[in-house]
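Enquirer: Dropping a structure here in structure tokens format, bear with me for questions.
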Amino acid sequence: MLTLGGFGQVGRSCMLLMTQESKILIDCGVNPGTRNPTESFPRLDWANITLDDLDAIVMSHAHLDHTGFLPVLCKYGYKGPIYCTEPTLPMMNLIQLDAIKVSAAQGKSPIYSERDVKQIMKQTITMPYSTVTDISPDIKLVLSNAGHILGSSTCHFHIGNGDHNFVYTGDIKYGKSMLFESASWNYPRVETLLIESTYGAKEDVQPTRQEVESAFINAVNTTLVDGGKILIPIPAVGRAQEIMIVIDQYMKSGEMVESPVFMEGMISEASAIHESYPEYLARELKQKILETDDNPFDSEYFTNIEHPDAREEPLRENTPCIIIATSGMLEGGPVLEYFKNIAPIQKNKILFVSYQVNGTLGRRVLDGAKQVSLIGKNGKIEVSNINCSIEKLDGFSGHSDYNQLISFVHKLRPKLRRVLVNHGERRKSENLSMSIRRMFRIPTHYPQIQEAIKLF
Ligand SMILES: [Zn+2]
């Protein structure tokens with residue numbers, strides 16, 4: 001296997017699985033935390049292959065750091081199959097098309113066009129969870145629930161005639177959320193596990209759901225009572241729907257102060273895709289959607305902002321409200337327009353509920369920046385002061401925390417021969433790798449980019 005991106009870092013996840021008879025590309029993302037072109041994209045150049053050499057591409061889930069470079073492969077002539085789950089296809093399309101808009105709005109030229117995204121639809125073969133598919137002469141693939149976002153999957157590769165079984169977790173939540181069941185773990189065989197390590201450091205222990213939900217209620221209530229506005233920068237897919245369900249539930253129960261909730265940036269489109277695949281959602285949520293009128297996505301608290309002119313209402317002075325807008329790391333998107341208005345005013349709050357990658361504006365704000373420069377209209381640089389309060393809540397993450405990662409490995413332990421660690425800042429991958437080696441006495445490794453790893 002060649003590591004092409006997303007090792008020792010979060011971003012541009014990509015690897016090439018090679019056997020005697022096949023070459024499979026797994027994930028193909030971009031790196032949101034850098035402007036430097038040599039660090040933005042997977043190192044396919046280093047792999048020294050042509051697109052015709054690839055037998056198949058497998059996408060673990062729709063997020064851009066796993067799918068953002070795929071349209072470029074189609075642009076340059078990849079004609080082969082792309083495998084992913086049923087909801088990953090529309091979700092990936094939505095996210096890839098939005099990325100074109102976001103880069104255009106930032107004055108950059110997009111790396112692919114709408115045509116390339118449409119081409120993906122023609123080449124994609126969708127698979128339900130737990131079905132076995134031959135993807136090349138000597139590899140069978142099974143995708144299983146990863147609990148991370150809608151349609152997210154762990155990828156089980158059965159190589160040769162039972163010679164080797166390789167499981168790539170992709171991004172994984174080994175714990176139940178309001179949206180999804182916990183990740184599956186009952187693979188018939190796994191010898192090599194490649195596991196993510198976004199929260200791989202020992203101290204990365206997230207509060208329980210109950211704790212984070214009451215912290216969330218508290219964070220929202222204090223600001224609303226003070227007459228302030230709460231801005232929640234959010235990835236359109238996954239966290240947005242989770243937060244919507246939480247808000248709807250606690251406003252209805254009276255524990256959260258009732259207020260209007262405005263949403264902007266394809267959150268409603270992403271929610272609609274969730275509603276179209278109820279079988280991929282957590283049991284109770286599926287039931288609510290299919291069997292009752294209490295569909296949280298249609299709740300009357302939510303107003304979707306469809307045009308920039310409509311921002312006047314959420315931004316009107318002295319009207320406490322909640323604003324949920326993309327992007328989640330303040331890297332472009334409508335959230336920046338709200339940020340400029342909300343950040344300078346002391347009684348307001350910016351509330352992060354998702355991971356902030358190193359190098360993003362979100363991370364700088366979270367790390368305490370008091371002033372940031374933004375590209376304004378006509379490409380002019382505008383300086384924004386940050387006087388409002390900043391808060392981050394961890395327990396809503398779609399990623400497993402340290403304990404959940406360890407528990408997941410524990411479940412697979414009897415059969416494992418080796419564990420590889422990726423998708424984490426270097427220190428986190430190293431720590432998770434060391435912990436697993438010590439606790440389970442299994443050889444582990446946390447590769448860097450541009451390593452060749454012999455799996456068997
Ligand atoms: Zn992800």
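A note on labels: chains of the structure tokens are A, B, ... as shown, every chain counts residues from 1, and ligands are counted from 1 in their shown order.
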Which residues are near stretch 110-121 of chain A? Cut-off 8 Å, only C-alpha atoms, ignore same chain within fewer than 2 positions. Put them as a PyMOL selection string.

Expert: chain A and resi 71-72+74-75+82+89+93+96-97+99-100+103-104+108+123-124

Enquirer: Can you tell me which residues surround A:Ile342 at a distance of at most 12 Å, considering only C-alpha atoms, apart from same-chain residues fewer than 6 positions away, and format the answer as number ranges by chain?

Expert: A: 228-233, 314-318, 320-323, 335-336, 348-351, 384-390

Enquirer: Check the smallest atom-to-atom distance from each of A:Val132, A:Ala236, A:Leu51, A:Leu94 to ligand 1 using only C-alpha atoms and all ligand atoms, then report the winner.

Expert: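 Comparing A:Val132, A:Ala236, A:Leu51, A:Leu94 against ligand 1, the winner is A:Ala236.
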
Enquirer: Rounded to one decimal, what separation in Å do you get between atom CA of A:Pro344 and atom CA of A:Glu242?

Expert: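 Interatomic distance, atom CA of A:Pro344 to atom CA of A:Glu242: 27.8 Å.
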
Enquirer: Give me the residues within 7 Å of stretch 143-158 of chain A as JSON, numbers by chain, counting only C-alpha atoms and dropping any in the same chain fewer than 5 places off.

Expert: {"A": [60, 61, 85, 86, 87, 88, 129, 130, 164, 165, 166, 167, 168, 169, 170, 171, 172, 173, 174, 180, 181, 182, 183, 184, 237, 238, 274, 280, 398, 399]}

Enquirer: So that I can check the secondary structure, give me every residue of stretch 211-375 of chain A assigned alpha helix (DSSP H) by backbone DSSP, as an mmCIF file with C-alpha atoms, in the first residue's frame.

Expert:
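Wrote result-v6.cif, looks like this:
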```cif
data_model
loop_
_atom_site.group_PDB
_atom_site.id
_atom_site.type_symbol
_atom_site.label_atom_id
_atom_site.label_comp_id
_atom_site.auth_asym_id
_atom_site.auth_seq_id
_atom_site.Cartn_x
_atom_site.Cartn_y
_atom_site.Cartn_z
ATOM 1 C CA GLU A 211 -22.692 16.217 29.611
ATOM 2 C CA VAL A 212 -22.238 17.820 26.225
ATOM 3 C CA GLU A 213 -25.959 18.257 25.711
ATOM 4 C CA SER A 214 -26.339 20.093 29.007
ATOM 5 C CA ALA A 215 -23.221 22.182 28.268
ATOM 6 C CA PHE A 216 -24.784 23.050 24.910
ATOM 7 C CA ILE A 217 -28.102 24.033 26.483
ATOM 8 C CA ASN A 218 -26.235 26.173 28.973
ATOM 9 C CA ALA A 219 -24.020 27.839 26.345
ATOM 10 C CA VAL A 220 -27.062 28.711 24.246
ATOM 11 C CA ASN A 221 -29.319 29.800 27.114
ATOM 12 C CA THR A 222 -26.836 32.211 28.749
ATOM 13 C CA THR A 223 -26.280 34.073 25.480
ATOM 14 C CA LEU A 224 -29.962 34.167 24.510
ATOM 15 C CA VAL A 225 -30.927 35.465 27.951
ATOM 16 C CA ARG A 239 -22.975 17.933 12.698
ATOM 17 C CA ALA A 240 -25.623 20.305 11.318
ATOM 18 C CA GLN A 241 -28.314 17.623 11.457
ATOM 19 C CA GLU A 242 -27.166 16.415 14.878
ATOM 20 C CA ILE A 243 -27.366 19.956 16.278
ATOM 21 C CA MET A 244 -30.772 20.509 14.663
ATOM 22 C CA ILE A 245 -32.160 17.422 16.362
ATOM 23 C CA VAL A 246 -30.693 18.454 19.727
ATOM 24 C CA ILE A 247 -32.075 22.009 19.459
ATOM 25 C CA ASP A 248 -35.500 20.799 18.374
ATOM 26 C CA GLN A 249 -35.694 18.288 21.200
ATOM 27 C CA TYR A 250 -34.614 20.674 23.991
ATOM 28 C CA MET A 251 -36.631 23.668 22.806
ATOM 29 C CA LYS A 252 -39.699 21.436 22.700
ATOM 30 C CA SER A 253 -38.964 20.059 26.175
ATOM 31 C CA ILE A 267 -27.810 22.514 5.388
ATOM 32 C CA SER A 268 -31.419 22.012 4.309
ATOM 33 C CA GLU A 269 -30.308 20.200 1.134
ATOM 34 C CA ALA A 270 -28.118 17.895 3.229
ATOM 35 C CA SER A 271 -30.996 17.329 5.675
ATOM 36 C CA ALA A 272 -33.256 16.380 2.778
ATOM 37 C CA ILE A 273 -30.768 13.686 1.751
ATOM 38 C CA HIS A 274 -30.864 12.352 5.331
ATOM 39 C CA GLU A 275 -34.648 12.124 5.114
ATOM 40 C CA SER A 276 -34.404 10.186 1.838
ATOM 41 C CA ARG A 283 -33.444 3.555 14.869
ATOM 42 C CA GLU A 284 -35.475 6.131 16.858
ATOM 43 C CA LEU A 285 -34.853 8.878 14.327
ATOM 44 C CA LYS A 286 -35.879 6.591 11.484
ATOM 45 C CA GLN A 287 -39.067 5.808 13.352
ATOM 46 C CA LYS A 288 -39.804 9.498 14.007
ATOM 47 C CA ILE A 289 -39.408 10.281 10.312
ATOM 48 C CA LEU A 290 -41.342 7.312 8.968
ATOM 49 C CA GLU A 291 -44.059 6.837 11.542
ATOM 50 C CA GLU A 312 -31.210 41.024 7.457
ATOM 51 C CA GLU A 313 -33.579 39.181 9.766
ATOM 52 C CA PRO A 314 -31.020 37.058 11.668
ATOM 53 C CA LEU A 315 -28.654 40.047 11.841
ATOM 54 C CA VAL A 335 -20.719 31.778 7.964
ATOM 55 C CA LEU A 336 -18.103 34.476 7.270
ATOM 56 C CA GLU A 337 -20.771 37.093 6.517
ATOM 57 C CA TYR A 338 -22.370 36.354 9.885
ATOM 58 C CA PHE A 339 -18.971 36.207 11.571
ATOM 59 C CA LYS A 340 -18.142 39.785 10.500
ATOM 60 C CA ASN A 341 -21.330 41.036 12.164
ATOM 61 C CA ILE A 342 -21.393 38.819 15.203
ATOM 62 C CA LEU A 361 -9.436 30.488 10.454
ATOM 63 C CA GLY A 362 -11.649 28.539 12.854
ATOM 64 C CA ARG A 363 -8.586 27.181 14.623
ATOM 65 C CA ARG A 364 -7.059 30.681 14.929
ATOM 66 C CA VAL A 365 -10.257 32.062 16.422
ATOM 67 C CA LEU A 366 -10.474 29.123 18.801
#
```

Enquirer: Interatomic distance between atom CA of A:Pro32 and atom CA of A:Pro308?

Expert: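 Straight-line distance from atom CA of A:Pro32 to atom CA of A:Pro308 works out to 24.6 Å.
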
Enquirer: Given the choices A:Val357, A:Leu16, A:Leu4, A:Leu416, which gets closest to ligand 1 if the distance is worked out from only C-alpha atoms and all ligand atoms?

Expert: A:Val357

Enquirer: Leaving out A:Ser433 and any residue of its chain fewer than 5 positions from it, which residues lie within 7 Å of it when counting only C-alpha atoms, given as a list in words?

Expert: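 Once the nearby chain positions are removed, what remains is Val421, Thr444, His445 and Tyr446 of chain A.
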
Enquirer: Between A:Glu196, A:Glu39, A:Asp55, A:Asp98, which is the closest to ligand 1 once you count only C-alpha atoms and all ligand atoms?

Expert: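 For ligand 1, the nearest of the given residues is A:Glu196.
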
Enquirer: Please identify all polymer residues within 9 Å of stretch 199-206 of chain A, counting only C-alpha atoms, omitting same-chain residues fewer than 2 positions from it, and present them as a list in words.

Expert: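 So, after excluding close chain neighbours, the residues are Glu196, Ser197, Thr208, Arg209, Val212, Leu393, Asp394, Gly395, Phe396, Ser397, His399, Ser400, Asp401, Tyr402, Asn403, Gln404, Leu405, Gly424, Glu425, Arg427, Lys428, Ser429, Glu430, Asn431, Leu432, Ser433 and Ser435 of chain A.
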
Enquirer: Could the residues in this selection be written to a file with C-alpha atoms, as a tab-separated table (two decimals), in the first residue's frame?

Expert:
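out.tsv was written with the following content:
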```tsv
chain	number	residue	atom	x	y	z
A	196	GLU	CA	-8.12	7.09	12.14
A	197	SER	CA	-6.68	9.14	15.02
A	208	THR	CA	-20.56	11.99	27.58
A	209	ARG	CA	-23.55	12.84	25.40
A	212	VAL	CA	-22.24	17.82	26.22
A	393	LEU	CA	-17.93	21.76	22.76
A	394	ASP	CA	-16.33	18.44	21.93
A	395	GLY	CA	-18.83	15.69	22.60
A	396	PHE	CA	-20.87	16.24	19.41
A	397	SER	CA	-18.02	15.07	17.26
A	399	HIS	CA	-15.26	11.09	15.43
A	400	SER	CA	-14.48	8.60	18.15
A	401	ASP	CA	-12.63	9.99	21.12
A	402	TYR	CA	-9.51	8.26	22.46
A	403	ASN	CA	-11.47	5.79	24.58
A	404	GLN	CA	-13.83	4.90	21.76
A	405	LEU	CA	-10.91	4.26	19.38
A	424	GLY	CA	-4.53	12.62	12.79
A	425	GLU	CA	-1.96	15.26	13.60
A	427	ARG	CA	1.47	13.53	17.65
A	428	LYS	CA	-2.03	12.05	17.90
A	429	SER	CA	-1.32	9.24	15.43
A	430	GLU	CA	1.90	8.47	17.28
A	431	ASN	CA	0.15	8.36	20.64
A	432	LEU	CA	-2.66	6.11	19.45
A	433	SER	CA	-0.17	3.81	17.76
A	435	SER	CA	-1.15	2.98	23.15
```

Enquirer: Counting only C-alpha atoms, which residue out of A:Ile159, A:Leu70, A:Ala62, A:Met439 sits closest to A:Thr19?

Expert: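 When distances to A:Thr19 are compared using only C-alpha atoms, the smallest one comes from A:Ile159.
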
Enquirer: Can you work out the spacing between atom CA of A:Ile453 and atom CA of A:Asp27 in Å, to one decimal?

Expert: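 Separating atom CA of A:Ile453 from atom CA of A:Asp27 is a distance of 17.0 Å.
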
Enquirer: Residues at most 7 Å from A:Cys28, counting only C-alpha atoms, excluding those fewer than 5 positions away in the same chain, as JSON, numbers by chain?

Expert: {"A": [12, 13, 14, 42, 66, 67, 68, 69, 70]}

Enquirer: Give the strand (DSSP E or B) residues of stretch 182-353 of chain A, as DSSP finds them on the backbone, and put them as a PyMOL selection string.

Expert: chain A and resi 192-196+229-233+261-264+302-304+321-325+349-352

Enquirer: Output the selection as a short mmCIF file (atom, residue, chain, number, x, y, z; two decimals), in the first residue's frame - C-alpha atoms for each residue.

Expert:
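Generated file (out30.cif):
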```cif
data_model
loop_
_atom_site.label_atom_id
_atom_site.label_comp_id
_atom_site.auth_asym_id
_atom_site.auth_seq_id
_atom_site.Cartn_x
_atom_site.Cartn_y
_atom_site.Cartn_z
CA THR A 192 -4.62 -5.46 9.27
CA LEU A 193 -6.60 -2.53 10.63
CA LEU A 194 -6.01 1.04 9.49
CA ILE A 195 -7.66 3.32 12.03
CA GLU A 196 -8.12 7.09 12.14
CA LYS A 229 -26.81 35.88 19.09
CA ILE A 230 -25.12 32.51 18.83
CA LEU A 231 -23.23 31.67 15.67
CA ILE A 232 -22.50 28.00 15.16
CA PRO A 233 -20.06 27.41 12.28
CA VAL A 261 -32.90 29.26 14.43
CA PHE A 262 -31.58 30.42 11.06
CA MET A 263 -29.63 28.13 8.78
CA GLU A 264 -27.61 28.90 5.69
CA PHE A 302 -35.87 26.44 11.73
CA THR A 303 -35.76 29.05 8.99
CA ASN A 304 -33.63 28.41 5.95
CA CYS A 321 -31.29 34.01 17.83
CA ILE A 322 -29.23 31.04 16.81
CA ILE A 323 -27.48 31.01 13.43
CA ILE A 324 -26.13 27.79 12.00
CA ALA A 325 -24.03 28.35 8.89
CA LYS A 349 -21.12 33.98 21.08
CA ILE A 350 -19.34 31.83 18.53
CA LEU A 351 -19.89 28.21 19.41
CA PHE A 352 -17.76 25.53 17.76
#
```

Enquirer: Pick from A:Asn48, A:Asn31, A:Gln20, A:Ser407: nearest to ligand 1, with only C-alpha atoms and all ligand atoms counted?

Expert: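 Closest candidate: A:Asn31.
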
Enquirer: My list of candidates is A:Gln346, A:Gln371, A:Thr34, A:Thr198. Which is closest to ligand 1 when distances are computed with only C-alpha atoms and all ligand atoms?

Expert: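 Among the listed residues, A:Thr198 lies closest to ligand 1.
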